[in-house]
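Enquirer: Pasting a structure here, questions to come.
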Amino acid sequence: MSAGLQVRGLQKSFGGIIVADDINVDLAPGARVALIGPNGAGKTTFSSLITGKLTPNAGEITLDGQDIRPLGEADRVKAGIAKTFQITTLFRDLTVRDNLRLAAQERDGRARAWFKRADSWAEVEREIDAQLAAFRLEALGDKRVSDLAYGQQRLVEMAMTLMLKPRVLILDEPAAGVPSSDSHLITDAIERLPDDLAVLIIEHDMKLVFRVARSIIVLVNGRILTQGAPNEIAADERVRDLYLGARHHD
Amino acid sequence: MTRLMRIPFAVEALLIALLVIAFFAFPYNLAFVTRILIMVLFVLSIDLVLGFAGIATLGQAALYGTGAYAAGLFAVHVTAAPLPGLLIGMVAGAALAFLSGLVLLRTKGLTLIMLTIAVAQICQEVANKARDVTGGADGLRGIRMEPVLGLFEFDFIGITAYWYVAIVVFIVFLALKRLAAAPLGLSLRGIHESPERMLAIGAPVYRRQVLAYTLGGGIAGIAGALAAQVTQLVSLEVYSFTLSAEALIMLILGGTGRLWGAIVGVVLFMTVHHVAASADPYNWLFFIGFMVLGVVFFLPGGMIRLPQALLRLGRQR
């Protein structure tokens with residue numbers, strides 16, 4: 001039994017189309033793994049299989065040695081697997097603090113309390129302060145999410161997800177839609193994530209991937225083409241042809 | 001309004017003042033004011049379900065009507081003491097909401113709306129067919145209420161009825177106000193805004209929607225029970241589609257998702273109805289229609305937002 005998330009022989013097909021084919025992935029605590037591959041390679045499908053949105057046809061998924069396949073989406077979050085969405089998904093009409101509060105109260109299992117004010121748990125409020133400070137969002141706590149810039153919303157989503165105290169964090173294209181002038185905010189935030197957290201980054205932005213990932217998995221047609229350290233991947237002819245080809249040939 | 005909220009017990013004091021003023025201002029219309037209060041309670045139940053949790057419904061009358069029949073039958077066959085009857089009405093409304101909610105809340109959007117209407121229609125048909133129990137189309141008669149707490153007799157002017165209803169509405173309003181600011185209220189708003197995100201922070205969305213629908217059913221049940229006890233009659237009308245639809249219009253007029261919106265909307269709608277219908281009994285709905293259009297186009301947050309909107313307009317000038 002090993003710590004972290006283990007995926008063994010994961011298989012998924014829609015009708016005759018195989019979208020995940022014998023995928024094996026290990027995410028130990030502290031891992032920074034990037035999942036790259038051309039459009040339609042099955043990256044988001046893979047993430048959905050982990051979070052429980054999709055059910056695999058075969059294969060094993062364990063978290064700290066415990067089989068999580070019987071768990072539904074919400075229960076997998078409780079078990080410690082959290083994600084941010086490809087398109088930022090937040091409570092837009094609520095304040096930044098309320099967004100973080102919602103995550104904390106689900107984590108602590110007191111979301112059905114109806115008599116005390118939601119902001120009256122002093123310890124959680126301090127936690128929110130600390131989390132906002134970690135993402136340099138202190139000044140925006142009482143603003144509505146819909147009033148923030150997209151890059152800031154991205155950070156709020158990461159901050160909110162961290163409030164869940166996950167052990168595995170899946171970032172689905174964290175830099176997508178963020179103007180390049182703000183993308184360093186995202187990279188910085190990813191670099192400052194807790195050391196013991198296992199992070200899986202699904203990303204198109206190669207600059208970001210090579211900066212934050214310590215290991216890269218290349219997915220093509222639902223199958224792992226290769227897997228290794230960033231310099232190995234960058235040197236791999238097949239990957240260059242397939243993925244970086246266009247840029248390297250001209 | 002927000003500044004007012006910060007003063008301790010400001011809301012409570014304002015509510016009590018309004019209830020006392022209404023009592024002395026309309027001595028000959030107490031029955032009408034009482035009906036308004038019952039309607040406020042009913043609209044509050046829709047606000048909890050639709051305004052907070054975002055569950056689209058056009059069949060809240062099913063829960064109201066069931067509360068009314070339960071309290072009425074309880075008064076006729078078991079005891080005519082008002083408070084136990086109120087409890088029975090609440091439990092009946094909540095029970096039907098829970099059972100129907102288990103099925104209804106598997107759906108959403110238009111399907112959900114149609115199913116909520118269907119539940120109310122089925123209830124109406126059952127009440128119609130079960131003539132021996134409910135009195136069918138003649139209505140359930142023979143409800144004679146005992147004094148409230150054995151002390152306050154229901155009088156023919158409606159003084160006891162008014163205060164009885166007023167106190168119940170007051171208590172439920174305060175409870176809902178606490179709920180709105182508490183974790184549960186926040187989580188219902190979260191479900192309204194993004195069920196997907198709620199699921200992704202580990203919230204059992206479906207179960208929480210069933211909870212909200214059940215709570216709403218309990219409140220609608222109380223409203224129905226009050227109506228049955230105060231008017232001493234339950235007719236098939238309690239299940240009518242018109243009741244659900246009008247209540248929804250009141251909520252939209254006042255403003256969804258905020259408790260004062262329910263009060264403002266009901267008072268406005270019923271007053272306009274009362275005045276306009278006596279001036280022009282055929283075309284009063286025309287006037288209501290205009291108001292709804294005006295609110296939807298110019299005040300999407302409901303009449304509750306009127307002061308803010310006027311302030312903003314004034315500042316622009």
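Identifiers for the structure tokens are assigned positionally: chains receive A, B, ... in sequence, residues are indexed from 1 per chain, and ligands are indexed from 1 in the order shown.
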For Val156 of chain A, find every residue with an atom within 12 Å (counting only C-alpha atoms), except residues of its own chain fewer than 6 positions away, and show them as number ranges by chain.
Expert: A: 84, 88-92, 94-101, 103, 128, 131-138, 140-141, 143-146, 148-150, 162-163, 174, 185-186, 189
Enquirer: Would you kindly return, as a ChimeraX atom specification, each protein, DNA or RNA residue with an atom no farther than 6 Å from any atom of segment 204-221 of chain B, considering only C-alpha atoms and excluding same-chain residues fewer than 5 positions away?
Expert: /B:42,45,49,63-64,67,89-90,93-94,97-98,101
Enquirer: Write out as a ChimeraX atom specification every residue belonging to chain A that has an atom at most 6 Å from any atom of chain B, counting only C-alpha atoms.
Expert: /A:74,77-78,91,103,111-118
Enquirer: Write out as a list in words which residues come within 9 Å of Asp138 of chain B when counting only C-alpha atoms, dropping same-chain ones fewer than 3 positions away.
Expert: Arg131, Thr134, Gly135, Arg141, Ser235 and Leu236 of chain B
Enquirer: Can you tell me which residues surround Phe241 of chain B at a distance of at most 9 Å, considering only C-alpha atoms, apart from same-chain residues fewer than 2 positions away, and format the answer as a PyMOL selection string?
Expert: chain B and resi 58-61+117+120-121+237-239+243-246
Enquirer: Could you work out how far atom CA of Ala139 of chain A lies from atom CA of Lys207 of chain A, giving the answer in Å with one decimal?
Expert: 29.1 Å
Enquirer: Which residue is closest to Leu251 of chain B? Choose from B:Leu18, B:Met303, B:Val230, B:Leu110 and count only C-alpha atoms.
Expert: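 Distance minimum relative to Leu251 of chain B lands on B:Met303.
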Enquirer: Can you tell me, as a PyMOL selection string, which residues in segment 63-240 of chain A count as strand (DSSP E) by DSSP?
Expert: chain A and resi 63+66-67+81-84+168-172+198-202+215-220+223-228
Enquirer: Could you pull out the alpha helix (DSSP H) residues of segment 102-261 of chain B, going by DSSP on the backbone, and write them as a ChimeraX atom specification?
Expert: /B:102-104,109-129,131-134,159-181,183-193,195-200,205-231,241-254,259-261
Enquirer: Mind checking which residues fall within 12 Å of Leu14 of chain B, counting only C-alpha atoms, ignoring those fewer than 3 positions away in the same chain, and posting them as a PDB file with N, CA, C and O atoms, in the first residue's frame?
Expert:
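Saved as around08.pdb:
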ATOM      1  N   MET B   1     -31.272  49.767   4.054  1.00  0.00           N
ATOM      2  CA  MET B   1     -31.753  48.533   4.680  1.00  0.00           C
ATOM      3  C   MET B   1     -30.618  47.801   5.358  1.00  0.00           C
ATOM      4  O   MET B   1     -30.737  47.341   6.487  1.00  0.00           O
ATOM      5  N   LEU B   4     -29.668  49.410   8.516  1.00  0.00           N
ATOM      6  CA  LEU B   4     -30.696  49.132   9.523  1.00  0.00           C
ATOM      7  C   LEU B   4     -30.453  47.778  10.182  1.00  0.00           C
ATOM      8  O   LEU B   4     -30.612  47.609  11.385  1.00  0.00           O
ATOM      9  N   MET B   5     -30.015  46.821   9.368  1.00  0.00           N
ATOM     10  CA  MET B   5     -29.839  45.448   9.855  1.00  0.00           C
ATOM     11  C   MET B   5     -28.783  45.374  10.949  1.00  0.00           C
ATOM     12  O   MET B   5     -28.751  44.442  11.724  1.00  0.00           O
ATOM     13  N   ILE B   7     -28.277  47.376  13.467  1.00  0.00           N
ATOM     14  CA  ILE B   7     -28.775  47.699  14.806  1.00  0.00           C
ATOM     15  C   ILE B   7     -29.386  46.430  15.385  1.00  0.00           C
ATOM     16  O   ILE B   7     -30.189  45.769  14.720  1.00  0.00           O
ATOM     17  N   PRO B   8     -29.009  46.064  16.603  1.00  0.00           N
ATOM     18  CA  PRO B   8     -29.575  44.825  17.150  1.00  0.00           C
ATOM     19  C   PRO B   8     -31.101  44.905  17.272  1.00  0.00           C
ATOM     20  O   PRO B   8     -31.636  45.929  17.705  1.00  0.00           O
ATOM     21  N   PHE B   9     -31.741  43.858  16.870  1.00  0.00           N
ATOM     22  CA  PHE B   9     -33.202  43.725  16.963  1.00  0.00           C
ATOM     23  C   PHE B   9     -33.968  44.763  16.151  1.00  0.00           C
ATOM     24  O   PHE B   9     -35.150  44.981  16.381  1.00  0.00           O
ATOM     25  N   ALA B  10     -33.308  45.427  15.199  1.00  0.00           N
ATOM     26  CA  ALA B  10     -33.996  46.421  14.373  1.00  0.00           C
ATOM     27  C   ALA B  10     -35.094  45.748  13.544  1.00  0.00           C
ATOM     28  O   ALA B  10     -36.211  46.249  13.441  1.00  0.00           O
ATOM     29  N   VAL B  11     -34.772  44.594  12.987  1.00  0.00           N
ATOM     30  CA  VAL B  11     -35.732  43.890  12.142  1.00  0.00           C
ATOM     31  C   VAL B  11     -36.937  43.453  12.964  1.00  0.00           C
ATOM     32  O   VAL B  11     -38.099  43.634  12.559  1.00  0.00           O
ATOM     33  N   ALA B  17     -43.673  46.639  14.903  1.00  0.00           N
ATOM     34  CA  ALA B  17     -44.317  47.928  14.651  1.00  0.00           C
ATOM     35  C   ALA B  17     -45.306  47.804  13.497  1.00  0.00           C
ATOM     36  O   ALA B  17     -46.458  48.269  13.588  1.00  0.00           O
ATOM     37  N   LEU B  18     -44.883  47.154  12.417  1.00  0.00           N
ATOM     38  CA  LEU B  18     -45.764  47.001  11.256  1.00  0.00           C
ATOM     39  C   LEU B  18     -47.026  46.229  11.628  1.00  0.00           C
ATOM     40  O   LEU B  18     -48.138  46.586  11.223  1.00  0.00           O
ATOM     41  N   LEU B  19     -46.852  45.164  12.413  1.00  0.00           N
ATOM     42  CA  LEU B  19     -47.997  44.337  12.794  1.00  0.00           C
ATOM     43  C   LEU B  19     -48.971  45.129  13.676  1.00  0.00           C
ATOM     44  O   LEU B  19     -50.196  45.022  13.519  1.00  0.00           O
ATOM     45  N   VAL B  20     -48.420  45.930  14.593  1.00  0.00           N
ATOM     46  CA  VAL B  20     -49.287  46.725  15.473  1.00  0.00           C
ATOM     47  C   VAL B  20     -50.015  47.810  14.670  1.00  0.00           C
ATOM     48  O   VAL B  20     -51.219  48.017  14.821  1.00  0.00           O
ATOM     49  N   ILE B  21     -49.257  48.479  13.788  1.00  0.00           N
ATOM     50  CA  ILE B  21     -49.864  49.534  12.961  1.00  0.00           C
ATOM     51  C   ILE B  21     -50.988  48.954  12.107  1.00  0.00           C
ATOM     52  O   ILE B  21     -52.092  49.510  12.029  1.00  0.00           O
ATOM     53  N   PHE B 170     -44.492  35.954  12.427  1.00  0.00           N
ATOM     54  CA  PHE B 170     -43.338  36.610  13.024  1.00  0.00           C
ATOM     55  C   PHE B 170     -42.258  35.589  13.379  1.00  0.00           C
ATOM     56  O   PHE B 170     -41.083  35.747  13.036  1.00  0.00           O
ATOM     57  N   LEU B 174     -38.521  35.162  11.566  1.00  0.00           N
ATOM     58  CA  LEU B 174     -37.247  35.275  12.289  1.00  0.00           C
ATOM     59  C   LEU B 174     -36.401  34.014  12.106  1.00  0.00           C
ATOM     60  O   LEU B 174     -35.185  34.081  11.944  1.00  0.00           O
ATOM     61  N   TRP B 260     -37.593  40.046   2.856  1.00  0.00           N
ATOM     62  CA  TRP B 260     -38.494  41.203   2.818  1.00  0.00           C
ATOM     63  C   TRP B 260     -39.235  41.265   1.492  1.00  0.00           C
ATOM     64  O   TRP B 260     -40.321  41.820   1.393  1.00  0.00           O
TER      65      TRP B 260
END
Enquirer: Which distance in Å separates atom CA of Gly158 of chain B and atom CA of Ile288 of chain B, to one decimal?
Expert: 28.3 Å
Enquirer: Within 8 Å of segment 149-155 of chain B, counting only C-alpha atoms, which residues qualify if same-chain residues fewer than 3 places away don't, as number ranges by chain?
Expert: B: 81-83, 145-146, 158-161
Enquirer: For those residues, write N, CA and C atoms to a file as a short mmCIF file (atom, residue, chain, number, x, y, z; two decimals), in the first residue's frame.
Expert:
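Below is the file part-v3.cif, written as the result:
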data_model
loop_
_atom_site.label_atom_id
_atom_site.label_comp_id
_atom_site.auth_asym_id
_atom_site.auth_seq_id
_atom_site.Cartn_x
_atom_site.Cartn_y
_atom_site.Cartn_z
N ALA B 81 -57.99 22.07 19.21
CA ALA B 81 -56.99 23.00 19.74
C ALA B 81 -56.11 23.47 18.59
N PRO B 82 -55.89 24.78 18.44
CA PRO B 82 -55.20 25.30 17.25
C PRO B 82 -53.73 24.87 17.12
N LEU B 83 -52.96 24.91 18.21
CA LEU B 83 -51.53 24.67 18.06
C LEU B 83 -51.18 23.25 17.62
N MET B 145 -62.89 25.88 15.88
CA MET B 145 -61.65 25.91 16.64
C MET B 145 -61.89 26.25 18.11
N GLU B 146 -61.11 25.59 18.97
CA GLU B 146 -61.12 25.94 20.38
C GLU B 146 -60.26 27.19 20.58
N GLY B 158 -62.30 39.03 14.41
CA GLY B 158 -61.04 38.47 13.93
C GLY B 158 -59.81 38.98 14.64
N ILE B 159 -60.02 39.50 15.86
CA ILE B 159 -58.86 40.02 16.61
C ILE B 159 -57.92 38.88 17.02
N THR B 160 -58.48 37.84 17.59
CA THR B 160 -57.66 36.70 17.99
C THR B 160 -56.99 36.08 16.78
N ALA B 161 -57.77 35.91 15.70
CA ALA B 161 -57.22 35.31 14.49
C ALA B 161 -56.02 36.12 14.00
#
